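Novice: So here's upload-v2.txt (compact mmCIF, C-alpha atoms).
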# COMPACT_ATOMS: atom_id res chain seq x y z
CA MET C 1 70.83 152.98 42.26
CA ALA C 2 71.50 150.64 39.38
CA LYS C 3 74.16 148.23 40.52
CA VAL C 4 76.76 146.99 38.06
CA TRP C 5 78.23 143.62 38.95
CA ILE C 6 81.80 142.68 38.11
CA ALA C 7 82.36 138.95 37.73
CA LEU C 8 85.90 138.25 38.87
CA PRO C 9 87.45 134.87 38.09
CA LEU C 10 91.12 134.50 38.73
CA LEU C 11 91.90 135.80 35.22
CA LEU C 12 90.63 139.36 34.70
CA ALA C 13 88.50 140.32 31.75
CA ALA C 14 89.01 143.38 29.60
CA CYS C 15 88.50 146.76 31.27
CA VAL C 16 86.13 149.63 30.51
CA ASP C 17 86.70 153.30 31.28
CA ALA C 18 85.13 154.46 34.53
CA GLU C 19 82.72 157.33 34.99
CA PRO C 20 84.51 160.48 36.22
CA VAL C 21 84.43 161.09 39.94
CA THR C 22 83.62 164.37 41.65
CA ALA C 23 86.18 166.72 43.11
CA PRO C 24 86.87 166.49 46.86
CA GLY C 25 84.21 168.24 48.90
CA GLU C 26 81.39 167.78 46.36
CA PRO C 27 78.42 165.47 47.09
CA LEU C 28 79.20 161.81 46.50
CA PRO C 29 77.23 160.32 43.58
CA PRO C 30 76.54 156.63 43.06
CA VAL C 31 79.40 154.84 41.32
CA VAL C 32 78.28 153.24 38.06
CA GLY C 33 80.49 151.44 35.59
CA VAL C 34 83.35 148.97 35.54
CA LEU C 35 86.53 150.32 37.09
CA PRO C 36 89.91 149.97 35.37
CA PRO C 37 92.58 147.83 37.08
CA ASP C 38 94.45 150.82 38.50
CA GLU C 39 91.43 151.59 40.69
CA GLY C 40 92.18 148.52 42.79
CA ARG C 41 89.64 146.08 41.32
CA PRO C 42 89.78 142.95 43.49
CA VAL C 43 90.76 139.58 42.07
CA LEU C 44 88.52 136.86 43.57
CA PRO C 45 88.11 133.09 43.30
CA THR C 46 85.66 131.76 40.74
CA GLY C 47 82.15 131.93 42.18
CA TYR C 48 82.52 135.36 43.80
CA ALA C 49 81.80 138.82 42.45
CA ALA C 50 82.24 142.40 43.60
CA GLU C 51 80.38 145.66 43.11
CA THR C 52 81.49 149.17 43.93
CA VAL C 53 79.09 150.77 46.39
CA THR C 54 80.57 154.24 46.79
CA ALA C 55 83.79 156.16 46.27
CA GLU C 56 85.92 158.94 47.73
CA LEU C 57 86.24 157.44 51.19
CA VAL C 58 88.78 159.35 53.27
CA ASP C 59 90.89 157.22 55.60
CA PRO C 60 88.24 154.52 56.20
CA ARG C 61 88.82 152.52 59.38
CA ALA C 62 85.76 150.27 59.76
CA VAL C 63 82.40 149.19 58.35
CA ALA C 64 79.39 148.49 60.58
CA PHE C 65 75.64 147.90 60.26
CA ASP C 66 72.71 149.37 62.14
CA ASP C 67 69.67 147.47 63.40
CA GLN C 68 67.90 147.98 60.07
CA GLY C 69 70.82 146.50 58.13
CA ALA C 70 72.12 149.78 56.70
CA ALA C 71 75.89 149.88 56.16
CA HIS C 72 77.93 152.62 57.86
CA VAL C 73 81.55 153.64 57.26
CA LEU C 74 83.86 155.11 59.90
CA GLU C 75 86.50 157.48 58.50
CA GLY C 76 89.51 158.22 60.68
CA GLN C 77 91.04 161.60 59.95
CA PRO C 78 87.70 163.29 59.16
CA ALA C 79 86.41 161.75 62.42
CA ARG C 80 83.17 160.93 60.64
CA LEU C 81 80.55 158.18 60.75
CA SER C 82 78.34 158.00 57.64
CA ARG C 83 75.44 155.86 56.47
CA VAL C 84 75.67 154.47 52.96
CA SER C 85 72.48 155.34 51.10
CA ASP C 86 72.14 154.62 47.38
CA GLY C 87 75.86 155.05 46.84
CA VAL C 88 76.05 158.31 48.78
CA LEU C 89 77.66 158.84 52.18
CA VAL C 90 75.19 160.53 54.52
CA PRO C 91 76.99 161.89 57.63
CA VAL C 92 75.58 160.58 60.92
CA ALA C 93 78.13 162.08 63.32
CA THR C 94 81.31 164.13 63.06
CA GLY C 95 84.02 164.80 65.62
CA GLY C 96 87.40 166.41 65.22
CA GLY C 97 90.12 168.12 67.21
CA ASN C 98 91.01 165.16 69.43
CA GLY C 99 92.56 162.69 67.05
CA PRO C 100 91.07 160.41 64.40
CA TRP C 101 88.24 157.98 65.02
CA THR C 102 89.66 154.46 65.10
CA GLY C 103 86.79 152.07 65.79
CA VAL C 104 83.02 151.69 65.82
CA ALA C 105 80.59 149.28 67.49
CA ARG C 106 76.84 149.12 68.09
CA VAL C 107 75.20 148.28 71.43
CA ASP C 108 71.50 148.56 72.34
CA GLY C 109 70.60 150.58 69.27
CA ARG C 110 73.44 153.11 69.56
CA PHE C 111 76.75 153.46 67.77
CA TYR C 112 79.91 154.00 69.81
CA VAL C 113 83.15 155.32 68.34
CA ALA C 114 86.73 155.17 69.60
CA GLU C 115 88.75 158.39 69.35
CA ALA C 116 92.52 158.05 69.28
CA GLY C 117 92.98 161.02 71.56
CA GLY C 118 94.85 164.28 71.84
CA ALA C 119 94.52 166.80 74.68
CA LEU C 120 91.34 165.11 75.93
CA GLY C 121 92.91 161.65 76.01
CA GLY C 122 91.64 158.56 74.26
CA ARG C 123 87.86 158.49 74.38
CA VAL C 124 84.87 156.33 73.60
CA LEU C 125 81.89 158.40 72.46
CA ARG C 126 78.23 157.44 72.19
CA VAL C 127 76.43 158.68 69.08
CA GLU C 128 73.01 160.01 70.00
CA PRO C 129 70.15 160.70 67.58
CA HIS C 130 70.84 163.65 65.27
CA GLY C 131 74.61 163.14 65.69
CA ALA C 132 75.17 164.39 69.23
CA LEU C 133 78.29 162.88 70.87
CA VAL C 134 78.39 161.88 74.55
CA PRO C 135 81.73 160.80 76.10
CA VAL C 136 81.43 157.41 77.81
CA VAL C 137 85.03 157.33 79.02
CA SER C 138 87.79 159.90 78.48
CA ASP C 139 90.86 158.63 80.35
CA LEU C 140 92.10 156.01 77.89
CA PRO C 141 95.67 156.00 76.49
CA ALA C 142 95.94 158.61 73.74
CA GLY C 143 98.28 159.57 70.94
CA GLY C 144 97.12 156.89 68.54
CA LEU C 145 97.22 153.99 71.03
CA LEU C 146 93.45 153.48 71.24
CA GLY C 147 92.34 151.43 68.28
CA PRO C 148 89.59 149.02 67.26
CA LEU C 149 86.25 148.74 69.03
CA VAL C 150 83.82 145.80 69.06
CA ALA C 151 80.60 144.95 70.86
CA GLY C 152 80.66 141.82 72.99
CA PRO C 153 77.81 139.34 73.48
CA ASP C 154 77.65 140.55 77.11
CA GLY C 155 76.67 144.06 76.02
CA ALA C 156 80.09 145.53 76.86
CA LEU C 157 82.48 147.32 74.52
CA TYR C 158 85.94 145.89 73.90
CA ALA C 159 88.73 148.25 72.83
CA GLY C 160 92.24 147.44 71.63
CA VAL C 161 95.11 149.56 72.97
CA SER C 162 98.56 149.25 71.42
CA THR C 163 101.89 149.49 73.20
CA ALA C 164 103.55 152.88 73.10
CA GLN C 165 106.58 151.26 71.47
CA ALA C 166 104.49 149.94 68.60
CA ALA C 167 102.91 153.38 68.15
CA GLY C 168 106.26 155.08 67.84
CA GLY C 169 107.68 155.55 71.34
CA GLY C 170 106.84 156.53 74.87
CA ALA C 171 106.27 154.74 78.14
CA ASP C 172 104.03 151.71 78.40
CA ILE C 173 101.62 151.08 81.27
CA PRO C 174 101.46 147.48 82.53
CA CYS C 175 98.04 146.13 83.40
CA GLN C 176 99.23 144.62 86.68
CA ASP C 177 102.26 144.88 88.96
CA ILE C 178 105.38 143.42 87.36
CA ARG C 179 109.00 142.79 88.39
CA LEU C 180 111.78 143.50 85.89
CA GLN C 181 115.00 141.59 85.29
CA ASP C 182 117.01 144.27 87.12
CA GLY C 183 114.90 143.85 90.23
CA ARG C 184 112.76 146.94 89.86
CA ARG C 185 109.03 146.71 90.40
CA VAL C 186 106.56 148.60 88.25
CA SER C 187 103.03 149.18 89.46
CA GLY C 188 100.23 148.28 87.10
CA GLN C 189 97.18 150.40 86.51
CA VAL C 190 94.01 150.55 84.47
CA PRO C 191 93.66 151.73 81.78
CA CYS C 192 96.88 150.24 80.44
CA THR C 193 98.63 149.66 77.12
CA GLY C 194 99.16 146.54 75.03
CA ALA C 195 95.74 145.33 76.11
CA VAL C 196 92.11 144.71 75.31
CA LEU C 197 89.95 146.77 77.66
CA ARG C 198 86.34 145.96 78.57
CA ILE C 199 84.14 149.07 78.89
CA GLN C 200 80.61 149.28 80.25
CA PRO C 201 78.71 151.58 77.86
CA ALA C 202 76.26 152.78 80.52
CA SER C 203 78.73 153.67 83.28
CA GLY C 204 82.07 154.02 81.48
CA GLU C 205 83.66 151.52 83.90
CA VAL C 206 86.92 150.15 82.46
CA GLU C 207 88.60 146.86 83.28
CA VAL C 208 91.27 144.71 81.66
CA HIS C 209 90.07 141.79 79.59
CA SER C 210 93.52 140.52 78.53
CA TRP C 211 96.98 142.00 77.95
CA GLY C 212 100.49 141.36 76.68
CA TYR C 213 99.67 142.28 73.07
CA THR C 214 101.94 144.37 70.85
CA ASN C 215 99.39 146.18 68.73
CA PRO C 216 95.85 144.73 68.74
CA VAL C 217 94.74 146.23 65.43
CA ALA C 218 91.49 144.28 64.95
CA LEU C 219 88.95 142.51 67.17
CA ALA C 220 86.02 140.22 66.36
CA PHE C 221 83.71 137.88 68.24
CA THR C 222 82.73 134.46 66.95
CA PRO C 223 79.05 133.45 67.16
CA GLU C 224 80.00 131.33 70.20
CA GLY C 225 81.20 134.46 72.00
CA ARG C 226 84.97 133.91 71.70
CA LEU C 227 87.04 137.04 71.18
CA LEU C 228 89.66 136.98 68.42
CA VAL C 229 92.49 139.52 68.34
CA ALA C 230 94.71 140.29 65.35
CA ASP C 231 98.02 141.47 66.80
CA ASP C 232 100.34 143.45 64.54
CA VAL C 233 104.02 142.95 65.42
CA PRO C 234 106.00 145.80 63.84
CA ARG C 235 109.34 144.56 62.64
CA GLN C 236 111.22 147.44 64.20
CA VAL C 237 110.08 146.46 67.70
CA ALA C 238 110.29 142.68 67.35
CA ASN C 239 113.61 142.17 69.17
CA LEU C 240 113.45 138.40 68.88
CA ALA C 241 115.94 135.62 69.36
CA GLY C 242 114.48 133.60 66.48
CA PRO C 243 112.70 134.40 63.21
CA GLU C 244 110.10 137.14 63.30
CA PRO C 245 106.69 135.53 63.73
CA GLY C 246 104.65 137.90 61.57
CA ASP C 247 101.25 139.17 62.64
CA ILE C 248 99.39 136.90 65.03
CA LEU C 249 95.78 135.80 65.49
CA TRP C 250 94.93 135.14 69.14
CA ARG C 251 91.91 133.58 70.79
CA ALA C 252 91.72 136.04 73.68
CA GLU C 253 90.95 134.72 77.15
CA ALA C 254 89.96 136.91 80.06
CA GLY C 255 92.80 137.59 82.50
CA VAL C 256 95.50 136.02 80.30
CA TRP C 257 98.87 137.63 79.46
CA PHE C 258 99.84 137.09 75.81
CA GLY C 259 103.58 137.57 76.06
CA TRP C 260 104.66 141.08 75.14
CA PRO C 261 107.34 142.39 75.68
CA ASP C 262 109.17 139.09 76.24
CA TYR C 263 107.42 137.08 73.54
CA ALA C 264 105.84 137.69 70.15
CA GLY C 265 103.63 134.69 69.68
CA GLN C 266 105.79 132.04 71.30
CA VAL C 267 109.07 133.43 69.97
CA ALA C 268 111.23 134.71 72.83
CA SER C 269 112.81 138.15 72.83
CA ALA C 270 116.59 138.38 72.75
CA ASP C 271 116.36 141.00 75.51
CA PRO C 272 113.70 139.88 78.04
CA HIS C 273 112.32 142.47 80.42
CA LEU C 274 110.22 140.59 82.96
CA ALA C 275 111.65 138.51 85.80
CA VAL C 276 108.58 136.34 86.30
CA HIS C 277 105.75 135.58 83.92
CA PRO C 278 103.59 132.65 82.86
CA ASN C 279 104.06 131.03 79.50
CA PRO C 280 101.80 132.71 76.92
CA PRO C 281 99.23 130.50 75.19
CA PRO C 282 99.83 129.44 71.58
CA PRO C 283 98.35 131.64 68.84
CA VAL C 284 95.52 130.48 66.64
CA ALA C 285 97.56 131.32 63.55
CA THR C 286 100.50 133.30 62.23
CA LEU C 287 99.28 135.69 59.55
CA GLY C 288 101.23 137.02 56.59
CA GLY C 289 101.52 140.76 56.01
CA ASP C 290 100.41 143.68 58.16
CA VAL C 291 96.82 143.03 59.23
CA ARG C 292 94.41 145.96 59.36
CA ALA C 293 90.94 144.41 59.75
CA LEU C 294 89.25 141.20 60.95
CA ALA C 295 85.76 139.79 60.39
CA ILE C 296 83.91 136.50 60.99
CA PRO C 297 81.42 135.41 58.29
CA GLY C 298 77.86 134.49 59.11
CA HIS C 299 77.19 132.73 55.80
CA ASP C 300 78.34 129.30 54.67
CA ALA C 301 79.37 130.67 51.28
CA PHE C 302 82.26 132.40 53.06
CA GLY C 303 83.04 129.43 55.29
CA GLY C 304 80.80 130.38 58.22
CA PRO C 305 82.07 130.95 61.76
CA LEU C 306 84.95 128.49 61.31
CA GLN C 307 86.78 131.11 59.24
CA ALA C 308 88.37 134.43 60.17
CA PHE C 309 88.92 136.93 57.34
CA THR C 310 91.77 139.43 57.59
CA ALA C 311 92.59 142.45 55.40
CA ARG C 312 96.25 143.30 54.92
CA GLU C 313 98.27 146.40 54.17
CA ASP C 314 99.58 144.83 50.95
CA GLY C 315 96.12 144.81 49.33
CA ALA C 316 95.18 141.19 50.05
CA ILE C 317 92.38 139.53 52.00
CA ALA C 318 92.94 136.05 53.44
CA PHE C 319 90.94 133.65 55.58
CA THR C 320 92.11 131.40 58.41
CA THR C 321 90.47 128.19 59.56
CA LEU C 322 90.18 128.56 63.32
CA GLY C 323 90.63 124.87 64.05
CA SER C 324 93.77 124.25 61.98
CA GLY C 325 95.32 127.71 61.79
CA VAL C 326 95.77 127.33 58.03
CA THR C 327 95.60 130.68 56.21
CA VAL C 328 94.66 130.89 52.52
CA PRO C 329 94.45 133.91 50.18
CA PHE C 330 90.95 135.04 49.19
CA ALA C 331 91.20 138.41 47.41
CA ALA C 332 94.05 140.31 45.80
CA ASN C 333 94.68 143.53 43.85
CA LEU C 334 93.05 145.84 46.35
CA GLU C 335 95.16 148.84 47.29
CA ARG C 336 94.98 149.06 51.10
CA PRO C 337 91.89 147.45 52.62
CA THR C 338 91.33 148.73 56.15
CA GLY C 339 87.72 147.84 56.93
CA LEU C 340 85.91 144.48 56.75
CA ALA C 341 82.39 143.53 57.79
CA PHE C 342 79.90 140.84 56.88
CA ASP C 343 76.33 141.98 56.25
CA PRO C 344 74.20 140.27 58.94
CA GLY C 345 71.31 140.11 56.46
CA ASP C 346 72.60 138.58 53.24
CA GLY C 347 76.09 137.52 54.39
CA SER C 348 77.98 139.61 51.82
CA LEU C 349 81.45 140.92 52.61
CA TRP C 350 81.93 144.70 52.65
CA VAL C 351 85.46 146.03 52.16
CA ALA C 352 86.61 149.62 52.67
CA ASP C 353 89.80 150.35 50.75
CA ALA C 354 91.81 153.29 52.08
CA GLY C 355 94.15 153.21 49.10
CA SER C 356 91.51 153.68 46.40
CA GLY C 357 88.80 155.32 48.52
CA LEU C 358 86.32 152.69 47.32
CA LEU C 359 83.75 150.67 49.26
CA TRP C 360 83.25 147.19 47.80
CA ARG C 361 80.55 144.57 48.38
CA ILE C 362 81.55 140.96 47.63
CA VAL C 363 78.93 138.25 47.17
CA ALA C 364 79.03 134.54 46.49
CA PHE C 365 77.15 132.91 43.64
CA PRO C 366 75.23 129.65 44.33
CA GLY C 367 77.67 126.80 44.85
CA ALA C 368 80.50 129.02 46.00
CA GLU C 369 80.48 127.41 49.46
CA SER C 370 82.99 124.79 48.34
CA SER C 371 85.41 127.48 47.10
CA ILE C 372 86.40 128.28 50.66
CA GLN C 373 85.58 125.22 52.70
CA GLY C 374 87.01 122.78 50.21
CA ARG C 375 90.36 124.56 49.96
CA ASN C 376 90.96 125.20 53.62
CA VAL C 377 89.60 122.39 55.75
CA PRO C 378 92.30 119.75 56.26
Let me see the structure of the file written as structure tokens.
Specialist:
Amino acid sequence: MAKVWIALPLLLAACVDAEPVTAPGEPLPPVVGVLPPDEGRPVLPTGYAAETVTAELVDPRAVAFDDQGAAHVLEGQPARLSRVSDGVLVPVATGGGNGPWTGVARVDGRFYVAEAGGALGGRVLRVEPHGALVPVVSDLPAGGLLGPLVAGPDGALYAGVSTAQAAGGGADIPCQDIRLQDGRRVSGQVPCTGAVLRIQPASGEVEVHSWGYTNPVALAFTPEGRLLVADDVPRQVANLAGPEPGDILWRAEAGVWFGWPDYAGQVASADPHLAVHPNPPPPVATLGGDVRALAIPGHDAFGGPLQAFTAREDGAIAFTTLGSGVTVPFAANLERPTGLAFDPGDGSLWVADAGSGLLWRIVAFPGAESSIQGRNVP
């Protein structure tokens, strides 16, 4: 496919009409041509450029790469995993009937997908050759609670599970026994809600990695093996004594409670529930907007592993320096980016935009390294 590059300094150039797109349900052709601004063309710092890779994504949730470096897109409501080949989406596996697919990870040459769960409960499925699906675990919290999935350096899968309150109501399941302010005791169990669960892909064994999150919407590991969690704190459930903290970036630690329901970040609730609890650790950063995706770059042109990139509901992408917690805007004018991944081969940033249905690839020109590191390192 002939690729058309769009140089994007902070001031946009004139626009050209786009090629027409196909009707829903028809094969997806390569996207060629410059897109007009209303298609969600990203605004980037000088030294970066974006190309459209494909179009007509339906509810994209994540981008991942196979062992040969081929990009794959996970779409939620279609419950579909597709390989991107010359601008066309080639289906690899398709589910359906038990909730949308909400996360994807790759371990030992196989993709695994998280399924939000209906009658069969929340599930993690292994994708076999030729698209066969094998349930690894089927007893996870359902109804939209099961979310992102990431592969750990230990070969395990890590899954985020939101609180029932953040997902719209219902009863939460604590991860360990707790005592409430009114003296009642509530038994904990696994699997639980408001947690990151560690799942063995071979056996399906589930254990708690960490808990006390509100809505862990995105997970990522640093090259050093540290797990980062982007925790979305919906405003309607943040019953706080002080100002709302906004979405939070945590450095997750095994066995640690991160404060919910009595804290959001380190801001105390006006109506505490628990009688006894340890103080939660401080967050890495407070993030603006509603975060939907998280990725760690492997290339110095995007700041390397010292930076964490987050995509937000408002159409922006920002990056946070992990040492200082300073967050700086990187991209704007997207519609609703919901998937981020860095290509392990060339280091480019792939962005799936649920608002426009476009898949973007962002690259840095030589010398762009200072654009990020120089603006964000104190």
Novice: With 4 Å added on each side, what axis-aligned box encloses every listed atom of segment 300-319 of chain C? Give the centre and edge lengths in Å to one decimal, as lines of an AutoDock Vina configuration file.
Specialist:
center_x = 89.0
center_y = 137.4
center_z = 55.5
size_x = 29.2
size_y = 25.9
size_z = 20.4
Novice: Can you tell me, as a ChimeraX atom specification, what residues are no more than 7 Å from segment 200-211 of chain C when counting all atoms listed in the file, ignoring any on the same chain fewer than 5 positions away?
Specialist: /C:136-137,156-157,175,190-191,194-195,252-258
Novice: Since we have the selection now, will you write its residues out, keeping C-alpha atoms, as a tab-separated table (two decimals), in the frame of the given file?
Specialist:
chain	number	residue	atom	x	y	z
C	136	VAL	CA	81.43	157.41	77.81
C	137	VAL	CA	85.03	157.33	79.02
C	156	ALA	CA	80.09	145.53	76.86
C	157	LEU	CA	82.48	147.32	74.52
C	175	CYS	CA	98.04	146.13	83.40
C	190	VAL	CA	94.01	150.55	84.47
C	191	PRO	CA	93.66	151.73	81.78
C	194	GLY	CA	99.16	146.54	75.03
C	195	ALA	CA	95.74	145.33	76.11
C	252	ALA	CA	91.72	136.04	73.68
C	253	GLU	CA	90.95	134.72	77.15
C	254	ALA	CA	89.96	136.91	80.06
C	255	GLY	CA	92.80	137.59	82.50
C	256	VAL	CA	95.50	136.02	80.30
C	257	TRP	CA	98.87	137.63	79.46
C	258	PHE	CA	99.84	137.09	75.81
Novice: Pull the neighbourhood of (92.7, 132.9, 67.7) for me: all residues within 12 Å in file coordinates, counting only C-alpha atoms, as number ranges by chain.
Specialist: C: 218-222, 226-231, 247-253, 258, 265, 281-287, 294, 296, 306-309, 320-326
Novice: Could you save the residues just selected, with C-alpha atoms, as a PDB file, keeping the file's coordinate frame?
Specialist:
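Writing done, so here's again_3.pdb:
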ATOM      1  CA  ALA C 218      91.490 144.280  64.950  1.00  0.00           C
ATOM      2  CA  LEU C 219      88.950 142.510  67.170  1.00  0.00           C
ATOM      3  CA  ALA C 220      86.020 140.220  66.360  1.00  0.00           C
ATOM      4  CA  PHE C 221      83.710 137.880  68.240  1.00  0.00           C
ATOM      5  CA  THR C 222      82.730 134.460  66.950  1.00  0.00           C
ATOM      6  CA  ARG C 226      84.970 133.910  71.700  1.00  0.00           C
ATOM      7  CA  LEU C 227      87.040 137.040  71.180  1.00  0.00           C
ATOM      8  CA  LEU C 228      89.660 136.980  68.420  1.00  0.00           C
ATOM      9  CA  VAL C 229      92.490 139.520  68.340  1.00  0.00           C
ATOM     10  CA  ALA C 230      94.710 140.290  65.350  1.00  0.00           C
ATOM     11  CA  ASP C 231      98.020 141.470  66.800  1.00  0.00           C
ATOM     12  CA  ASP C 247     101.250 139.170  62.640  1.00  0.00           C
ATOM     13  CA  ILE C 248      99.390 136.900  65.030  1.00  0.00           C
ATOM     14  CA  LEU C 249      95.780 135.800  65.490  1.00  0.00           C
ATOM     15  CA  TRP C 250      94.930 135.140  69.140  1.00  0.00           C
ATOM     16  CA  ARG C 251      91.910 133.580  70.790  1.00  0.00           C
ATOM     17  CA  ALA C 252      91.720 136.040  73.680  1.00  0.00           C
ATOM     18  CA  GLU C 253      90.950 134.720  77.150  1.00  0.00           C
ATOM     19  CA  PHE C 258      99.840 137.090  75.810  1.00  0.00           C
ATOM     20  CA  GLY C 265     103.630 134.690  69.680  1.00  0.00           C
ATOM     21  CA  PRO C 281      99.230 130.500  75.190  1.00  0.00           C
ATOM     22  CA  PRO C 282      99.830 129.440  71.580  1.00  0.00           C
ATOM     23  CA  PRO C 283      98.350 131.640  68.840  1.00  0.00           C
ATOM     24  CA  VAL C 284      95.520 130.480  66.640  1.00  0.00           C
ATOM     25  CA  ALA C 285      97.560 131.320  63.550  1.00  0.00           C
ATOM     26  CA  THR C 286     100.500 133.300  62.230  1.00  0.00           C
ATOM     27  CA  LEU C 287      99.280 135.690  59.550  1.00  0.00           C
ATOM     28  CA  LEU C 294      89.250 141.200  60.950  1.00  0.00           C
ATOM     29  CA  ILE C 296      83.910 136.500  60.990  1.00  0.00           C
ATOM     30  CA  LEU C 306      84.950 128.490  61.310  1.00  0.00           C
ATOM     31  CA  GLN C 307      86.780 131.110  59.240  1.00  0.00           C
ATOM     32  CA  ALA C 308      88.370 134.430  60.170  1.00  0.00           C
ATOM     33  CA  PHE C 309      88.920 136.930  57.340  1.00  0.00           C
ATOM     34  CA  THR C 320      92.110 131.400  58.410  1.00  0.00           C
ATOM     35  CA  THR C 321      90.470 128.190  59.560  1.00  0.00           C
ATOM     36  CA  LEU C 322      90.180 128.560  63.320  1.00  0.00           C
ATOM     37  CA  GLY C 323      90.630 124.870  64.050  1.00  0.00           C
ATOM     38  CA  SER C 324      93.770 124.250  61.980  1.00  0.00           C
ATOM     39  CA  GLY C 325      95.320 127.710  61.790  1.00  0.00           C
ATOM     40  CA  VAL C 326      95.770 127.330  58.030  1.00  0.00           C
TER      41      VAL C 326
END
Novice: Looking at C:Gly355, C:Gly183, C:Pro129, C:Gly212, which one is nearest to Gly160 of chain C, with distances taken over all atoms listed in the file?
Specialist: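 Of all the options, C:Gly212 lies closest to Gly160 of chain C.
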Novice: Distance atom CA of Ser187 of chain C-atom CA of Val267 of chain C, one decimal place?
Specialist: 25.8 Å
Novice: Grab the atom CA of Leu197 of chain C to atom CA of Ala159 of chain C distance for me, in Å with one decimal place.
Specialist: 5.2 Å
Novice: If we count all atoms listed in the file, what is near Ala318 of chain C at a cut-off of 9 Å, once residues fewer than 4 positions away on the same chain are taken out, given as an MDAnalysis selection string?
Specialist: chainID C and resid 287:288 308:312 327:332
Novice: Excluding Gly339 of chain C and any residue of its chain fewer than 3 positions from it, enumerate the residues within 8 Å of it, using all atoms listed in the file, and give them as a PyMOL selection string.
Specialist: chain C and resi 60-63+292-294+311+350-353
Novice: Using all atoms listed in the file, which residue out of C:Gly289, C:Gly345, C:Gly298, C:Pro135 lies closest to Ala70 of chain C?
Specialist: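 Of C:Gly289, C:Gly345, C:Gly298, C:Pro135, the one nearest Ala70 of chain C is C:Gly345, counting all atoms listed in the file.
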Novice: I'd like to know which of C:Gly259, C:Pro278, C:Pro148, C:Gly76 is closest to Thr94 of chain C, using all atoms listed in the file.
Specialist: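 Comparing C:Gly259, C:Pro278, C:Pro148, C:Gly76 against Thr94 of chain C, the winner is C:Gly76.
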Novice: I want to know what sits within 10 Å of segment 95-98 of chain C, based on only C-alpha atoms, with residues of the same chain fewer than 5 positions away left out; could you give that as a ChimeraX atom specification?
Specialist: /C:76-81,113,115-123,125,131-133,142-143
Novice: Provide the atom CA of Gly147 of chain C to atom CA of His72 of chain C distance in Å, to one decimal place.
Specialist: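 Between atom CA of Gly147 of chain C and atom CA of His72 of chain C the gap works out to 17.8 Å.
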Novice: Pick the closest to Pro223 of chain C from C:Val161, C:Val107, C:Ala50, C:Ala295: which is it, counting all atoms listed in the file?
Specialist: C:Ala295
Novice: Using all atoms listed in the file, can you list as an MDAnalysis selection string the residues within 10 Å of (75.9, 147.0, 54.8)?
Specialist: chainID C and resid 53 63:66 68:73 83:85 341:351 361
Novice: Residues near Val134 of chain C, anyone? I mean within 9 Å using only C-alpha atoms, not counting same-chain ones fewer than 5 positions away, as a ChimeraX atom specification.
Specialist: /C:124-128
